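S.K.: Here you go, one structure.
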Amino acid sequence: MDTICFFIFIPKKNYIMNDQEILGYFESQAKSGEWDSLYDPKNTKSYPFIIRFKKSIELMKPIEGMTVLDLGCGTGILIPHVINSKGSYMGLDSSENMLNVVKKKYPALIESNKIKLFSDDIRNFEPSQK
């Protein structure tokens, strides 16, 4: 089965915050609902996020029967597109709170194994072992 992978790599020397600060930021964004709201067209801050999402969708070739590996999946914005396109979805995020949002939004898809979630740092993740 083919796998499509999406992520943005930022070299460590360009980090403004340390790892714990970055994780803390995303944990608080997920817990407050702020991150999920960034893909809501009614949110005035959402424009760049929606544009990036649309471009990601455009870059995906037909994904029917394929697995999409979403590195840094956040709250799972790609899930509806992948599932509606008859693909399967694997999401990886180091934020447990982000993954908890996905679990609350898509319990039936997780139960049916159409979605698989992994809690890990992208730098440590080895898909061949999952």
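By convention in this document, the chains of the structure tokens carry letters A, B, ... by their order, each chain's residues are numbered from 1, and ligands are numbered from 1 in the order they are shown.
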Can you list, as a PyMOL selection string, every residue of chain A that DSSP puts in strand (DSSP E)?
M.R.: chain A and resi 3-6+67-71+88-93+115-119
S.K.: If we count only C-alpha atoms, what is near Phe125 (chain A) at a cut-off of 10 Å, once residues fewer than 6 positions away on the same chain are taken out, given as a count of residues only?
M.R.: 5
S.K.: Each residue of region 72-96 of chain A with at least one atom at most 6 Å from region 101-117 of chain A should appear once, together with its nearest atom pair and the corresponding distance in Å (one decimal); atoms considered: only C-alpha atoms; ordering: chain, then increasing residue number; output as a Markdown table.
M.R.:
| residue | atom | partner | partner_atom | distance |
| --- | --- | --- | --- | --- |
| A:Thr75 | CA | A:Val102 | CA | 5.2 |
| A:Gly76 | CA | A:Val102 | CA | 5.9 |
| A:Ser88 | CA | A:Lys114 | CA | 5.4 |
| A:Tyr89 | CA | A:Ile115 | CA | 4.9 |
| A:Met90 | CA | A:Lys116 | CA | 4.7 |
| A:Gly91 | CA | A:Leu117 | CA | 4.8 |
| A:Leu92 | CA | A:Leu117 | CA | 5.9 |
S.K.: Would you please extract all alpha helix (DSSP H) residues from region 33-62 of chain A, as assigned by DSSP on the backbone, and give them as a PDB file with C-alpha atoms, in the first residue's frame?
M.R.:
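Contents of selection.pdb, freshly written:
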ATOM      1  CA  GLU A  34      -7.600  27.670  19.688  1.00  0.00           C
ATOM      2  CA  TRP A  35      -5.752  25.358  17.263  1.00  0.00           C
ATOM      3  CA  ASP A  36      -8.912  23.680  15.976  1.00  0.00           C
ATOM      4  CA  SER A  37     -10.492  27.101  15.404  1.00  0.00           C
ATOM      5  CA  TYR A  47      -6.928  32.531   6.364  1.00  0.00           C
ATOM      6  CA  PRO A  48      -3.284  31.300   6.116  1.00  0.00           C
ATOM      7  CA  PHE A  49      -4.213  27.972   7.690  1.00  0.00           C
ATOM      8  CA  ILE A  50      -7.092  27.412   5.299  1.00  0.00           C
ATOM      9  CA  ILE A  51      -4.898  28.317   2.304  1.00  0.00           C
ATOM     10  CA  ARG A  52      -2.215  25.860   3.484  1.00  0.00           C
ATOM     11  CA  PHE A  53      -4.880  23.180   3.975  1.00  0.00           C
ATOM     12  CA  LYS A  54      -6.292  23.736   0.473  1.00  0.00           C
ATOM     13  CA  LYS A  55      -2.814  23.579  -1.065  1.00  0.00           C
ATOM     14  CA  SER A  56      -2.110  20.326   0.786  1.00  0.00           C
ATOM     15  CA  ILE A  57      -5.313  18.829  -0.605  1.00  0.00           C
ATOM     16  CA  GLU A  58      -4.386  19.959  -4.127  1.00  0.00           C
ATOM     17  CA  LEU A  59      -0.961  18.306  -3.815  1.00  0.00           C
TER      18      LEU A  59
END
S.K.: Tell me, in Å to one decimal, how far CA of Ala30 (chain A) is from CA of Met98 (chain A).
M.R.: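 CA of Met98 (chain A) lies at a distance of 5.1 Å from CA of Ala30 (chain A).
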S.K.: Would you kindly return, as a PDB file with N, CA, C and O atoms, in the first residue's frame, each protein, DNA or RNA residue with an atom no farther than 12 Å from any atom of Asp19 (chain A), considering only C-alpha atoms and excluding same-chain residues fewer than 5 positions away?
M.R.:
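Result file follows (around_13.pdb):
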ATOM      1  N   LYS A  12      16.755  22.511  13.629  1.00  0.00           N
ATOM      2  CA  LYS A  12      16.772  22.850  15.049  1.00  0.00           C
ATOM      3  C   LYS A  12      17.425  24.202  15.326  1.00  0.00           C
ATOM      4  O   LYS A  12      17.007  24.911  16.226  1.00  0.00           O
ATOM      5  N   LYS A  13      18.416  24.590  14.565  1.00  0.00           N
ATOM      6  CA  LYS A  13      19.087  25.865  14.826  1.00  0.00           C
ATOM      7  C   LYS A  13      18.150  27.061  14.655  1.00  0.00           C
ATOM      8  O   LYS A  13      18.429  28.145  15.128  1.00  0.00           O
ATOM      9  N   GLY A  24       4.615  22.676  25.104  1.00  0.00           N
ATOM     10  CA  GLY A  24       3.681  23.384  25.984  1.00  0.00           C
ATOM     11  C   GLY A  24       2.740  24.295  25.209  1.00  0.00           C
ATOM     12  O   GLY A  24       1.543  24.381  25.504  1.00  0.00           O
ATOM     13  N   TYR A  25       3.269  24.976  24.203  1.00  0.00           N
ATOM     14  CA  TYR A  25       2.456  25.855  23.367  1.00  0.00           C
ATOM     15  C   TYR A  25       1.350  25.063  22.670  1.00  0.00           C
ATOM     16  O   TYR A  25       0.172  25.434  22.724  1.00  0.00           O
ATOM     17  N   PHE A  26       1.721  23.947  22.021  1.00  0.00           N
ATOM     18  CA  PHE A  26       0.730  23.162  21.298  1.00  0.00           C
ATOM     19  C   PHE A  26      -0.253  22.474  22.240  1.00  0.00           C
ATOM     20  O   PHE A  26      -1.435  22.338  21.919  1.00  0.00           O
ATOM     21  N   SER A  94       3.245  15.025  18.785  1.00  0.00           N
ATOM     22  CA  SER A  94       3.861  14.901  20.104  1.00  0.00           C
ATOM     23  C   SER A  94       2.959  15.466  21.191  1.00  0.00           C
ATOM     24  O   SER A  94       3.213  15.263  22.373  1.00  0.00           O
ATOM     25  N   SER A  95       1.884  16.134  20.813  1.00  0.00           N
ATOM     26  CA  SER A  95       0.952  16.721  21.775  1.00  0.00           C
ATOM     27  C   SER A  95      -0.194  15.756  22.070  1.00  0.00           C
ATOM     28  O   SER A  95      -1.028  15.486  21.207  1.00  0.00           O
ATOM     29  N   ASP A 121       7.562  12.146  19.013  1.00  0.00           N
ATOM     30  CA  ASP A 121       8.293  13.250  18.424  1.00  0.00           C
ATOM     31  C   ASP A 121       8.672  12.817  17.008  1.00  0.00           C
ATOM     32  O   ASP A 121       9.187  11.709  16.821  1.00  0.00           O
ATOM     33  N   ILE A 122       8.442  13.657  16.045  1.00  0.00           N
ATOM     34  CA  ILE A 122       8.720  13.319  14.652  1.00  0.00           C
ATOM     35  C   ILE A 122      10.171  12.887  14.453  1.00  0.00           C
ATOM     36  O   ILE A 122      10.475  12.058  13.600  1.00  0.00           O
ATOM     37  N   ARG A 123      11.064  13.425  15.274  1.00  0.00           N
ATOM     38  CA  ARG A 123      12.479  13.080  15.148  1.00  0.00           C
ATOM     39  C   ARG A 123      12.777  11.657  15.603  1.00  0.00           C
ATOM     40  O   ARG A 123      13.814  11.103  15.269  1.00  0.00           O
TER      41      ARG A 123
END
S.K.: Could you work out how far CA of Leu99 (chain A) lies from CA of Asn124 (chain A), giving the answer in Å with one decimal?
M.R.: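 Between CA of Asn124 (chain A) and CA of Leu99 (chain A) the gap works out to 17.3 Å.
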S.K.: Could you check how far CA of Ser46 (chain A) sits from CA of Ile77 (chain A), in Å to one decimal?
M.R.: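 Separation of CA of Ser46 (chain A) and CA of Ile77 (chain A): 12.7 Å.
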